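Working notes, beginning with the structure itself.
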Amino acid sequence: MFITFEGIEGAGKTSVLDRLCPALSDEGISFVRTLEPGGSELGRSLRDLLLDKRRNLTKEAELFLYLADRSQHVRDVISPALERGDIVISDRYVDSTLCYQGHGRQMNLERLIRLCEFASGGLWPDLTIIFDLDPEVSLKRARRRNLDAGVAVTQGRFETERLDFHRRIRQGYLALAAQHPQRCRTIDASQPLDDVYNQVIAVLEERGISL
Ligand code: T5A
């Protein structure tokens, strides 16, 4: 099973994964935790380019770097793990491109879907959990986290975008969830972390992963 976690900045995806992964290990479930950008060796270099606030990328350059990251990630990490029978959980994947470059940067969605199909070899997730909350709250969280970790410059490029950019991304995710009700499940990420985690566990249980 291929599972993706999606949502706007600071929605809590990483925090939930930090709790979920030890729980999966305790149950003896074989899984691979990965992320975009940066899931492959090449991707780690691309991640530095993509998230550095000092880079003034064109939106096309940004898009193609994300697609390059994805192509390498699918071939080197995701597909081999799925072939072994592992569960793969990726912190972001195709829907981030559709929402950030499509809704955020306002690039043509049909074209983006075709490019994502090309870069991923047509691999779509079986389950996507969308962490939904108000961008005003999530941006505060993300900016605070970056300042505390000392990465506001090297990893803060998207956190400097205006609020309306992040609002469009949130709407994009909600639209995707409505279009793909079988694949996508939206959870309320404004709740305390324990409650957000429990919502994720409930979705996984519905899909046969019991913790
Ligand atoms: N991107 C990505 C594109 O534009 N196109 C693409 O195709 C792809 C793949 C990646 C950036 O790239 C963009 C999207 C992103 O802008 P990233 O840093 O890898 O950047 O993004 P993430 O790791 O996904 O980090 P996020 O900023 O989105 O944050 P998370 O992981 O959702 O949030 P998390 O867990 O780090 O939490 C943030 C802070 O909030 C606290 C945490 O302790 C942390 O300090 N927190 C909570 N506080 C209160 N209540 C809760 N429930 C909380 N949950 C977490």
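The way I read the labels, and the way they are meant: chains A, B, ... in the order of the structure tokens, residue 1 as the first residue of every chain, and ligand 1 as the first ligand shown, with later ones counted on from there.
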TODO: Compile the contact shell of segment 192-197 of chain A as a list in words: residues with an atom at most 10 Å away, counting only C-alpha atoms, same-chain residues fewer than 5 positions apart removed.
DONE: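 These residues fall inside the cut-off: Ala11, Gly12, Lys13, Ser15, Val16, Leu17, Arg19, Leu20, Phe131, Ile187 and Ala202 of chain A.
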TODO: For Ser71 of chain A, list every protein, DNA or RNA residue within 12 Å, evaluated using only C-alpha atoms, and leave out those in the same chain fewer than 6 positions away; present the list as an NGL selection string.
DONE: :A and (36-40 or 42-43 or 64-65 or 77-79 or 93-94 or 115-123)
Task: Selection near segment 144-160 of chain A, 12 Å with only C-alpha atoms, sequence-local residues under 6 positions removed, as an MDAnalysis selection string - done: chainID A and resid 8:12 14:15 37 46:57 62 100:101 104:105 135:138 166 169
- [ ] Quick one: everything within 12 Å of Leu176 of chain A, counting only C-alpha atoms, minus sequence neighbours fewer than 3 positions away in the same chain. Send it as an NGL selection string.
- [x] :A and (6-7 or 94-99 or 102-103 or 109 or 128-130 or 169-173 or 179-186)
- [ ] Select, from A:Asp86, A:Asp126, A:Asp132, A:Asp76, the residue with the minimum atom-to-atom distance to ligand 1, counting only C-alpha atoms and all ligand atoms.
- [x] A:Asp132
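Residues of segment 166-195 of chain A that DSSP, applied to the backbone, places in helix (DSSP H, G or I): His166, Arg167, Arg168, Ile169, Arg170, Gln171, Gly172, Tyr173, Leu174, Ala175, Leu176, Ala177, Ala178, Gln179, Leu193, Asp194 and Asp195 of chain A.
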Task: Separation of atom CA of Asp18 of chain A from atom 35 (O, counted along the ligand's line) of ligand 1 in Å - done: 8.3 Å
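When DSSP reads the backbone of this structure, the residues of segment 31-113 of chain A it assigns to strand (DSSP E or B) are Phe31, Val32, Arg33, Thr34, Leu35, Ile87, Val88, Ile89, Ser90 and Asp91 of chain A.
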Output file for the residues above (N, CA, C and O atoms, as a PDB file, in the first residue's frame):
ATOM      1  N   PHE A  31       7.535  -1.229   6.673  1.00  0.00           N
ATOM      2  CA  PHE A  31       7.163   0.015   5.985  1.00  0.00           C
ATOM      3  C   PHE A  31       8.423   0.802   5.662  1.00  0.00           C
ATOM      4  O   PHE A  31       9.493   0.565   6.236  1.00  0.00           O
ATOM      5  N   VAL A  32       8.258   1.746   4.739  1.00  0.00           N
ATOM      6  CA  VAL A  32       9.321   2.701   4.428  1.00  0.00           C
ATOM      7  C   VAL A  32       8.741   4.089   4.608  1.00  0.00           C
ATOM      8  O   VAL A  32       7.691   4.406   4.044  1.00  0.00           O
ATOM      9  N   ARG A  33       9.412   4.898   5.418  1.00  0.00           N
ATOM     10  CA  ARG A  33       9.025   6.303   5.570  1.00  0.00           C
ATOM     11  C   ARG A  33       9.897   7.141   4.633  1.00  0.00           C
ATOM     12  O   ARG A  33      11.114   7.026   4.663  1.00  0.00           O
ATOM     13  N   THR A  34       9.239   7.957   3.826  1.00  0.00           N
ATOM     14  CA  THR A  34      10.012   8.773   2.915  1.00  0.00           C
ATOM     15  C   THR A  34       9.351  10.140   2.751  1.00  0.00           C
ATOM     16  O   THR A  34       8.364  10.432   3.435  1.00  0.00           O
ATOM     17  N   LEU A  35       9.938  10.987   1.899  1.00  0.00           N
ATOM     18  CA  LEU A  35       9.402  12.350   1.793  1.00  0.00           C
ATOM     19  C   LEU A  35       9.748  12.957   0.440  1.00  0.00           C
ATOM     20  O   LEU A  35      10.642  12.468  -0.256  1.00  0.00           O
ATOM     21  N   ILE A  87       4.761  -1.358   3.105  1.00  0.00           N
ATOM     22  CA  ILE A  87       3.913  -0.156   3.031  1.00  0.00           C
ATOM     23  C   ILE A  87       4.856   1.030   2.837  1.00  0.00           C
ATOM     24  O   ILE A  87       5.917   1.092   3.469  1.00  0.00           O
ATOM     25  N   VAL A  88       4.495   1.931   1.946  1.00  0.00           N
ATOM     26  CA  VAL A  88       5.291   3.151   1.771  1.00  0.00           C
ATOM     27  C   VAL A  88       4.458   4.329   2.255  1.00  0.00           C
ATOM     28  O   VAL A  88       3.298   4.473   1.864  1.00  0.00           O
ATOM     29  N   ILE A  89       5.062   5.149   3.116  1.00  0.00           N
ATOM     30  CA  ILE A  89       4.381   6.369   3.586  1.00  0.00           C
ATOM     31  C   ILE A  89       5.252   7.549   3.205  1.00  0.00           C
ATOM     32  O   ILE A  89       6.382   7.687   3.700  1.00  0.00           O
ATOM     33  N   SER A  90       4.735   8.389   2.332  1.00  0.00           N
ATOM     34  CA  SER A  90       5.520   9.542   1.879  1.00  0.00           C
ATOM     35  C   SER A  90       4.915  10.851   2.387  1.00  0.00           C
ATOM     36  O   SER A  90       3.721  11.097   2.222  1.00  0.00           O
ATOM     37  N   ASP A  91       5.773  11.649   3.001  1.00  0.00           N
ATOM     38  CA  ASP A  91       5.394  13.000   3.439  1.00  0.00           C
ATOM     39  C   ASP A  91       5.465  13.878   2.189  1.00  0.00           C
ATOM     40  O   ASP A  91       6.542  14.299   1.799  1.00  0.00           O
TER      41      ASP A  91
END
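The two atoms in question, atom 25 (O, counted along the ligand's line) of ligand 1 and atom CA of Leu67 of chain A, are spaced 18.1 Å apart.
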Open item on the list: Applying 9 Å and only C-alpha atoms, which residues near Gly85 of chain A remain after dropping the ones on its own chain fewer than 2 positions away? List them as JSON, numbers by chain.
Closed with: {"A": [1, 30, 31, 80, 81, 82, 83, 87]}
Keeping N, CA and C atoms for every residue in the selection just given, could you write it to a file as a PDB file, in the first residue's frame?
ATOM      1  N   MET A   1       0.837  -1.205   0.000  1.00  0.00           N
ATOM      2  CA  MET A   1       0.000   0.000   0.000  1.00  0.00           C
ATOM      3  C   MET A   1       0.871   1.253   0.000  1.00  0.00           C
ATOM      4  N   SER A  30       6.128  -3.994   8.090  1.00  0.00           N
ATOM      5  CA  SER A  30       7.242  -3.538   7.244  1.00  0.00           C
ATOM      6  C   SER A  30       6.816  -2.294   6.475  1.00  0.00           C
ATOM      7  N   PHE A  31       7.535  -1.229   6.673  1.00  0.00           N
ATOM      8  CA  PHE A  31       7.163   0.015   5.985  1.00  0.00           C
ATOM      9  C   PHE A  31       8.423   0.802   5.662  1.00  0.00           C
ATOM     10  N   PRO A  80      10.773   0.106  -5.538  1.00  0.00           N
ATOM     11  CA  PRO A  80      11.409  -1.083  -4.942  1.00  0.00           C
ATOM     12  C   PRO A  80      10.742  -1.503  -3.628  1.00  0.00           C
ATOM     13  N   ALA A  81      10.348  -0.529  -2.812  1.00  0.00           N
ATOM     14  CA  ALA A  81       9.714  -0.872  -1.528  1.00  0.00           C
ATOM     15  C   ALA A  81       8.352  -1.527  -1.762  1.00  0.00           C
ATOM     16  N   LEU A  82       7.576  -0.994  -2.691  1.00  0.00           N
ATOM     17  CA  LEU A  82       6.260  -1.594  -2.974  1.00  0.00           C
ATOM     18  C   LEU A  82       6.437  -3.003  -3.545  1.00  0.00           C
ATOM     19  N   GLU A  83       7.462  -3.181  -4.381  1.00  0.00           N
ATOM     20  CA  GLU A  83       7.714  -4.521  -4.943  1.00  0.00           C
ATOM     21  C   GLU A  83       8.093  -5.525  -3.851  1.00  0.00           C
ATOM     22  N   ILE A  87       4.761  -1.358   3.105  1.00  0.00           N
ATOM     23  CA  ILE A  87       3.913  -0.156   3.031  1.00  0.00           C
ATOM     24  C   ILE A  87       4.856   1.030   2.837  1.00  0.00           C
TER      25      ILE A  87
END
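If you measure from each of A:Arg75, A:Asp164, A:Phe5, A:Leu211 to ligand 1 using only C-alpha atoms and all ligand atoms, the closest one turns out to be A:Phe5.
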Open item on the list: As an exercise, work out the distance from atom CA of Leu139 of chain A to atom 46 (N, counted along the ligand's line) of ligand 1 in Å and give it to one decimal place.
Closed with: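 Straight-line distance from atom CA of Leu139 of chain A to atom 46 (N, counted along the ligand's line) of ligand 1 works out to 10.5 Å.
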